[in-house]
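What follows is start08.cif (mmCIF, C-alpha atoms).
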```
data_data
#
loop_
_atom_site.label_atom_id
_atom_site.label_comp_id
_atom_site.auth_asym_id
_atom_site.auth_seq_id
_atom_site.Cartn_x
_atom_site.Cartn_y
_atom_site.Cartn_z
CA GLY A 1 197.62 103.98 86.88
CA ARG A 2 199.79 100.96 86.05
CA LEU A 3 202.28 103.15 84.20
CA TYR A 4 202.58 105.39 87.25
CA GLU A 5 203.30 102.34 89.40
CA ILE A 6 206.14 101.46 87.00
CA HIS A 7 207.40 105.05 87.25
CA LYS A 8 207.28 105.04 91.08
CA ALA A 9 209.21 101.74 91.13
CA GLY A 10 212.11 103.49 89.37
CA ALA A 11 211.72 101.75 86.00
CA PHE A 12 210.91 103.34 82.68
CA PHE A 13 208.40 102.42 80.02
CA VAL A 14 207.75 103.14 76.36
CA THR A 15 204.23 102.80 75.03
CA ARG A 16 202.22 103.95 72.04
CA ALA A 17 199.95 106.90 72.67
CA LYS A 18 196.29 106.52 71.89
CA CYS A 19 194.91 109.10 69.51
CA ILE A 20 192.35 110.20 72.12
CA THR A 21 194.96 110.88 74.82
CA LYS A 22 194.63 114.46 76.02
CA LEU A 23 198.01 116.08 76.50
CA GLU A 24 199.40 119.55 76.99
CA ARG A 25 202.90 120.47 75.89
CA ARG A 26 205.28 121.96 78.43
CA TYR A 27 208.44 122.10 76.34
CA SER A 28 209.69 121.04 72.90
CA ASN A 29 213.18 119.59 72.69
CA PRO A 30 215.31 120.33 69.62
CA ILE A 31 215.18 117.64 66.95
CA THR A 32 218.60 116.35 65.91
CA GLU A 33 217.92 112.79 64.79
CA ARG A 34 216.58 111.40 61.54
CA GLY A 35 212.98 110.17 61.67
CA ILE A 36 212.05 112.14 64.79
CA ARG A 37 209.23 114.60 64.05
CA CYS A 38 208.85 116.01 67.56
CA ASP A 39 210.20 115.44 71.08
CA GLN A 40 208.13 117.11 73.77
CA SER A 41 207.72 117.19 77.53
CA VAL A 42 204.00 116.87 78.22
CA PHE A 43 201.50 116.22 80.96
CA LEU A 44 198.14 114.52 80.83
CA THR A 45 195.07 116.77 80.94
CA GLY A 46 192.19 114.31 80.98
CA ASN A 47 190.13 114.33 84.20
CA GLU A 48 190.97 110.76 85.18
CA THR A 49 194.37 110.43 83.53
CA LYS A 50 195.95 113.45 85.24
CA LYS A 51 194.94 111.96 88.61
CA LYS A 52 196.38 108.57 87.72
CA TYR A 53 199.63 109.95 86.23
CA PRO A 54 200.42 113.42 87.65
CA ASP A 55 204.10 113.58 86.57
CA THR A 56 205.69 114.75 83.34
CA LEU A 57 205.83 112.44 80.34
CA ARG A 58 207.76 112.62 77.12
CA ARG A 59 205.94 112.50 73.77
CA ILE A 60 207.98 111.42 70.75
CA LYS A 61 206.59 111.42 67.23
CA TYR A 62 208.62 109.12 64.98
CA HIS A 63 208.33 108.43 61.26
CA ASP A 64 209.61 105.01 60.16
CA ASP A 65 210.92 105.25 56.60
CA GLU A 66 210.88 101.45 56.15
CA THR A 67 207.14 101.14 56.75
CA ASP A 68 206.24 104.76 55.90
CA LYS A 69 204.22 104.99 59.14
CA THR A 70 204.27 107.58 61.91
CA TYR A 71 204.16 106.50 65.55
CA ILE A 72 203.62 108.50 68.72
CA PHE A 73 205.30 107.18 71.87
CA LEU A 74 204.93 108.14 75.49
CA THR A 75 207.70 107.46 77.98
CA ASN A 76 208.82 108.52 81.42
CA ASN A 77 212.47 108.36 80.31
CA LEU A 78 213.44 112.00 79.97
CA THR A 79 217.18 111.43 79.42
CA ALA A 80 217.56 108.92 76.56
CA SER A 81 217.68 110.17 72.99
CA ALA A 82 214.42 110.22 71.07
CA LYS A 83 215.83 107.74 68.52
CA THR A 84 216.74 105.33 71.34
CA ILE A 85 213.17 105.46 72.64
CA ALA A 86 211.79 104.77 69.14
CA ASP A 87 214.25 101.90 68.67
CA LEU A 88 213.31 100.38 72.03
CA TYR A 89 209.69 100.21 70.95
CA LYS A 90 210.61 98.93 67.49
CA TYR A 91 212.83 96.12 68.79
CA ARG A 92 210.48 95.02 71.57
CA TRP A 93 208.79 92.86 68.94
CA LYS A 94 212.01 90.90 68.44
CA VAL A 95 212.15 90.27 72.19
CA GLU A 96 208.54 89.05 72.14
CA LEU A 97 209.33 86.71 69.23
CA PHE A 98 212.35 85.35 71.13
CA PHE A 99 210.21 84.51 74.16
CA LYS A 100 207.58 82.96 71.88
CA TRP A 101 210.35 80.81 70.35
CA ILE A 102 211.48 79.78 73.84
CA LYS A 103 207.94 78.72 74.76
CA GLN A 104 207.49 76.76 71.53
CA HIS A 105 210.87 75.05 71.31
CA LEU A 106 212.40 74.67 74.73
CA LYS A 107 209.37 73.18 76.48
CA ILE A 108 210.21 74.49 79.94
CA LYS A 109 207.18 73.27 81.85
CA VAL A 110 208.29 74.06 85.40
CA PHE A 111 210.93 76.36 86.80
CA TRP A 112 212.73 74.50 89.56
CA GLY A 113 213.75 77.73 91.26
CA HIS A 114 212.07 81.11 91.33
CA SER A 115 215.01 83.45 91.88
CA GLU A 116 216.28 85.45 88.92
CA ASN A 117 219.49 83.41 88.84
CA ALA A 118 217.61 80.08 88.89
CA VAL A 119 215.34 81.09 86.00
CA LYS A 120 218.26 82.43 83.92
CA THR A 121 220.27 79.27 84.58
CA GLN A 122 217.43 76.99 83.54
CA ILE A 123 216.80 78.97 80.35
CA CYS A 124 220.53 78.93 79.49
CA ILE A 125 220.68 75.16 80.04
CA ALA A 126 217.60 74.65 77.85
CA ILE A 127 219.02 76.82 75.06
CA SER A 128 222.40 75.05 75.31
CA SER A 129 220.73 71.62 75.10
CA TYR A 130 218.72 72.72 72.08
CA LEU A 131 221.85 74.06 70.36
CA ILE A 132 223.81 70.86 71.08
CA VAL A 133 221.06 68.81 69.45
CA ALA A 134 220.93 71.24 66.48
CA ILE A 135 224.71 70.90 66.01
CA LEU A 136 224.48 67.08 66.24
CA LYS A 137 221.66 67.07 63.69
CA LYS A 138 223.76 69.04 61.24
CA LYS A 139 227.07 67.21 61.85
CA LEU A 140 225.51 63.74 61.65
CA GLY A 141 223.16 64.60 58.76
CA ILE A 142 220.04 63.40 60.61
CA ASP A 143 216.86 63.81 58.54
CA ARG A 144 214.45 64.19 61.45
CA ASN A 145 213.50 67.58 62.84
CA ILE A 146 214.94 68.78 66.15
CA TYR A 147 211.67 68.22 68.02
CA GLU A 148 211.65 64.55 67.02
CA ILE A 149 215.31 64.15 68.00
CA LEU A 150 214.61 65.69 71.40
CA GLN A 151 211.64 63.34 71.87
CA ILE A 152 213.79 60.30 71.03
CA LEU A 153 216.52 61.48 73.39
CA SER A 154 214.06 62.12 76.22
CA VAL A 155 212.78 58.51 76.19
CA SER A 156 216.26 57.01 75.86
CA LEU A 157 218.35 59.15 78.22
CA PHE A 158 219.99 56.21 79.98
CA ASP A 159 220.26 53.98 76.92
CA LYS A 160 223.80 53.26 75.69
CA THR A 161 222.72 52.97 72.05
CA PRO A 162 224.66 55.30 69.70
CA LEU A 163 222.73 58.40 68.62
CA LEU A 164 222.53 57.44 64.94
CA GLU A 165 220.97 54.08 65.83
CA LEU A 166 218.37 55.72 68.05
#
```
Output the structure of this file as structure tokens.
Amino acid sequence: GRLYEIHKAGAFFVTRAKCITKLERRYSNPITERGIRCDQSVFLTGNETKKKYPDTLRRIKYHDDETDKTYIFLTNNLTASAKTIADLYKYRWKVELFFKWIKQHLKIKVFWGHSENAVKTQICIAISSYLIVAILKKKLGIDRNIYEILQILSVSLFDKTPLLEL
């Protein structure tokens, strides 16, 4: 049901298919890309699932040579290449790690604005501040970690003491 809401909103999704998902193939697309085992247009056949998602889905079976594992993806994106869909799922983990890093290192406790532009601006400022401190740490040869430097700077923002003395 949630996936159909995403579909109706005009966005697309890529998710792993559960092994118990009941599907019926409508059409098989030709396979032209390395790693793709099958690329099919399908629809859900389970009693509840076909009511919750009545439109066509795309089933892509992908074999990753690096991990020697096979994955089955479902998506509502019928136009992108099968390899692009597999890569989107593969690289989503890197996006999740980036947001985890932001939460752990940037310490954004409150967003001062809630518009998309305000949130992006605050994240860019936080990343820029972090990078400036990282550059200073390297250039000045400071032995403390960046978290400690940021803590020292936060309690002495208006102090005129040189950074190395702090």
Residues near stretch 20-35 of chain A, anyone? I mean within 7 Å using all atoms listed in the file, not counting same-chain ones fewer than 5 positions away, as a list in words.
Gln40, Ser41, Val42, Phe43, Leu44, Thr45, Gly46, Tyr62, His63, Asp64 and Lys83 of chain A
Need the shell around stretch 106-108 of chain A: protein/DNA/RNA residues with any atom at most 8 Å away, counting all atoms listed in the file. Skip same-chain ones fewer than 3 positions apart. Format as an MDAnalysis selection string?
chainID A and resid 101:103 111 123 126:127 130
Which one of A:Tyr147, A:Tyr53, A:Phe13, A:Phe158 sits closest to A:Phe73 if you count all atoms listed in the file?
A:Phe13
Of the listed residues A:Ala86, A:Ile135, A:Leu3, A:Cys38, that which approaches A:Lys52 most closely, counting all atoms listed in the file:
A:Leu3
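Among the candidates A:Leu164, A:Ile72, A:Glu66, A:Arg59, the one nearest to A:Asp143 when counting only C-alpha atoms is A:Leu164.
Put simply, atom CA of A:Val110 is 14.4 Å away from atom CA of A:Cys124.
Proximity of A:His7, A:Lys69, A:His105, A:Arg37 to A:Asn145, computed with all atoms listed in the file, is greatest for A:His105.
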Using all atoms listed in the file, determine which residues lie at most 10 Å from A:Asn77, disregarding the query and same-chain residues fewer than 3 positions distant; provide the list as a PyMOL selection string.
chain A and resi 7+11-14+56-58+74+80-82+85
Give me, please, the distance in Å between atom CA of A:Leu88 and atom CA of A:Leu131, quoted to one decimal.
27.7 Å
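With only C-alpha atoms as the atoms that count, the residue of A:Leu163, A:Leu78, A:Val155, A:Ala118 with the shortest distance to A:Leu140 is A:Leu163.
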d(atom CA of A:Leu157, atom CA of A:Lys120) in Å:
24.0 Å
For A:Ile149, please output as a PDB file with C-alpha atoms, keeping the file's coordinate frame all residues within 9 Å (counting only C-alpha atoms; exclusion window: fewer than 4 positions along the same chain).
```
ATOM      1  CA  VAL A 133     221.060  68.810  69.450  1.00  0.00           C
ATOM      2  CA  LYS A 137     221.660  67.070  63.690  1.00  0.00           C
ATOM      3  CA  ILE A 142     220.040  63.400  60.610  1.00  0.00           C
ATOM      4  CA  ARG A 144     214.450  64.190  61.450  1.00  0.00           C
ATOM      5  CA  ASN A 145     213.500  67.580  62.840  1.00  0.00           C
ATOM      6  CA  LEU A 153     216.520  61.480  73.390  1.00  0.00           C
ATOM      7  CA  SER A 154     214.060  62.120  76.220  1.00  0.00           C
ATOM      8  CA  LEU A 166     218.370  55.720  68.050  1.00  0.00           C
TER       9      LEU A 166
END
```
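The residue that comes closest to A:Asn76, out of A:Asp159, A:Glu96, A:Glu48, A:Glu5 and on the basis of only C-alpha atoms, is A:Glu5.
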Just write stretch 28-51 of chain A with N, CA and C atoms, as a PDB file, in the first residue's frame, taken from the block above.
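Result saved to out.pdb:
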```pdb
ATOM      1  N   SER A  28       8.641 -10.175 -20.956  1.00  0.00           N
ATOM      2  CA  SER A  28      10.068 -10.215 -20.647  1.00  0.00           C
ATOM      3  C   SER A  28      10.807  -9.302 -21.610  1.00  0.00           C
ATOM      4  N   ASN A  29      11.567  -8.369 -21.054  1.00  0.00           N
ATOM      5  CA  ASN A  29      12.375  -7.466 -21.867  1.00  0.00           C
ATOM      6  C   ASN A  29      13.669  -8.163 -22.261  1.00  0.00           C
ATOM      7  N   PRO A  30      14.235  -7.810 -23.419  1.00  0.00           N
ATOM      8  CA  PRO A  30      15.519  -8.416 -23.803  1.00  0.00           C
ATOM      9  C   PRO A  30      16.631  -7.981 -22.846  1.00  0.00           C
ATOM     10  N   ILE A  31      17.546  -8.898 -22.591  1.00  0.00           N
ATOM     11  CA  ILE A  31      18.654  -8.631 -21.671  1.00  0.00           C
ATOM     12  C   ILE A  31      19.868  -8.215 -22.497  1.00  0.00           C
ATOM     13  N   THR A  32      20.374  -7.016 -22.204  1.00  0.00           N
ATOM     14  CA  THR A  32      21.524  -6.511 -22.951  1.00  0.00           C
ATOM     15  C   THR A  32      22.685  -6.139 -22.045  1.00  0.00           C
ATOM     16  N   GLU A  33      22.471  -6.153 -20.745  1.00  0.00           N
ATOM     17  CA  GLU A  33      23.502  -5.676 -19.825  1.00  0.00           C
ATOM     18  C   GLU A  33      24.065  -6.806 -18.986  1.00  0.00           C
ATOM     19  N   ARG A  34      25.331  -6.668 -18.657  1.00  0.00           N
ATOM     20  CA  ARG A  34      26.047  -7.669 -17.867  1.00  0.00           C
ATOM     21  C   ARG A  34      25.490  -7.708 -16.445  1.00  0.00           C
ATOM     22  N   GLY A  35      25.275  -8.905 -15.932  1.00  0.00           N
ATOM     23  CA  GLY A  35      24.794  -9.083 -14.568  1.00  0.00           C
ATOM     24  C   GLY A  35      23.288  -9.225 -14.479  1.00  0.00           C
ATOM     25  N   ILE A  36      22.562  -8.774 -15.477  1.00  0.00           N
ATOM     26  CA  ILE A  36      21.108  -8.851 -15.458  1.00  0.00           C
ATOM     27  C   ILE A  36      20.691 -10.252 -15.923  1.00  0.00           C
ATOM     28  N   ARG A  37      19.941 -10.946 -15.095  1.00  0.00           N
ATOM     29  CA  ARG A  37      19.475 -12.295 -15.431  1.00  0.00           C
ATOM     30  C   ARG A  37      18.096 -12.256 -16.099  1.00  0.00           C
ATOM     31  N   CYS A  38      17.226 -11.358 -15.614  1.00  0.00           N
ATOM     32  CA  CYS A  38      15.933 -11.191 -16.263  1.00  0.00           C
ATOM     33  C   CYS A  38      15.386  -9.799 -15.955  1.00  0.00           C
ATOM     34  N   ASP A  39      14.555  -9.306 -16.866  1.00  0.00           N
ATOM     35  CA  ASP A  39      13.938  -7.989 -16.764  1.00  0.00           C
ATOM     36  C   ASP A  39      12.506  -8.164 -17.255  1.00  0.00           C
ATOM     37  N   GLN A  40      11.564  -8.174 -16.317  1.00  0.00           N
ATOM     38  CA  GLN A  40      10.191  -8.521 -16.671  1.00  0.00           C
ATOM     39  C   GLN A  40       9.195  -7.462 -16.205  1.00  0.00           C
ATOM     40  N   SER A  41       8.109  -7.339 -16.950  1.00  0.00           N
ATOM     41  CA  SER A  41       6.952  -6.582 -16.498  1.00  0.00           C
ATOM     42  C   SER A  41       6.035  -7.585 -15.812  1.00  0.00           C
ATOM     43  N   VAL A  42       5.634  -7.275 -14.586  1.00  0.00           N
ATOM     44  CA  VAL A  42       4.844  -8.225 -13.799  1.00  0.00           C
ATOM     45  C   VAL A  42       3.689  -7.501 -13.113  1.00  0.00           C
ATOM     46  N   PHE A  43       2.786  -8.286 -12.575  1.00  0.00           N
ATOM     47  CA  PHE A  43       1.764  -7.748 -11.688  1.00  0.00           C
ATOM     48  C   PHE A  43       1.596  -8.699 -10.520  1.00  0.00           C
ATOM     49  N   LEU A  44       1.170  -8.142  -9.410  1.00  0.00           N
ATOM     50  CA  LEU A  44       1.014  -8.924  -8.191  1.00  0.00           C
ATOM     51  C   LEU A  44      -0.244  -9.777  -8.278  1.00  0.00           C
ATOM     52  N   THR A  45      -0.184 -10.998  -7.768  1.00  0.00           N
ATOM     53  CA  THR A  45      -1.325 -11.911  -7.848  1.00  0.00           C
ATOM     54  C   THR A  45      -1.856 -12.332  -6.489  1.00  0.00           C
ATOM     55  N   GLY A  46      -1.199 -11.954  -5.421  1.00  0.00           N
ATOM     56  CA  GLY A  46      -1.708 -12.296  -4.096  1.00  0.00           C
ATOM     57  C   GLY A  46      -3.035 -11.586  -3.834  1.00  0.00           C
ATOM     58  N   ASN A  47      -3.900 -12.191  -3.034  1.00  0.00           N
ATOM     59  CA  ASN A  47      -5.231 -11.630  -2.780  1.00  0.00           C
ATOM     60  C   ASN A  47      -5.168 -10.201  -2.252  1.00  0.00           C
ATOM     61  N   GLU A  48      -4.349  -9.965  -1.257  1.00  0.00           N
ATOM     62  CA  GLU A  48      -4.252  -8.628  -0.667  1.00  0.00           C
ATOM     63  C   GLU A  48      -3.351  -7.711  -1.472  1.00  0.00           C
ATOM     64  N   THR A  49      -2.247  -8.250  -1.978  1.00  0.00           N
ATOM     65  CA  THR A  49      -1.271  -7.392  -2.651  1.00  0.00           C
ATOM     66  C   THR A  49      -1.800  -6.824  -3.957  1.00  0.00           C
ATOM     67  N   LYS A  50      -2.587  -7.584  -4.712  1.00  0.00           N
ATOM     68  CA  LYS A  50      -3.101  -7.045  -5.977  1.00  0.00           C
ATOM     69  C   LYS A  50      -4.130  -5.948  -5.738  1.00  0.00           C
ATOM     70  N   LYS A  51      -4.782  -5.957  -4.579  1.00  0.00           N
ATOM     71  CA  LYS A  51      -5.691  -4.858  -4.227  1.00  0.00           C
ATOM     72  C   LYS A  51      -4.903  -3.613  -3.827  1.00  0.00           C
TER      73      LYS A  51
END
```
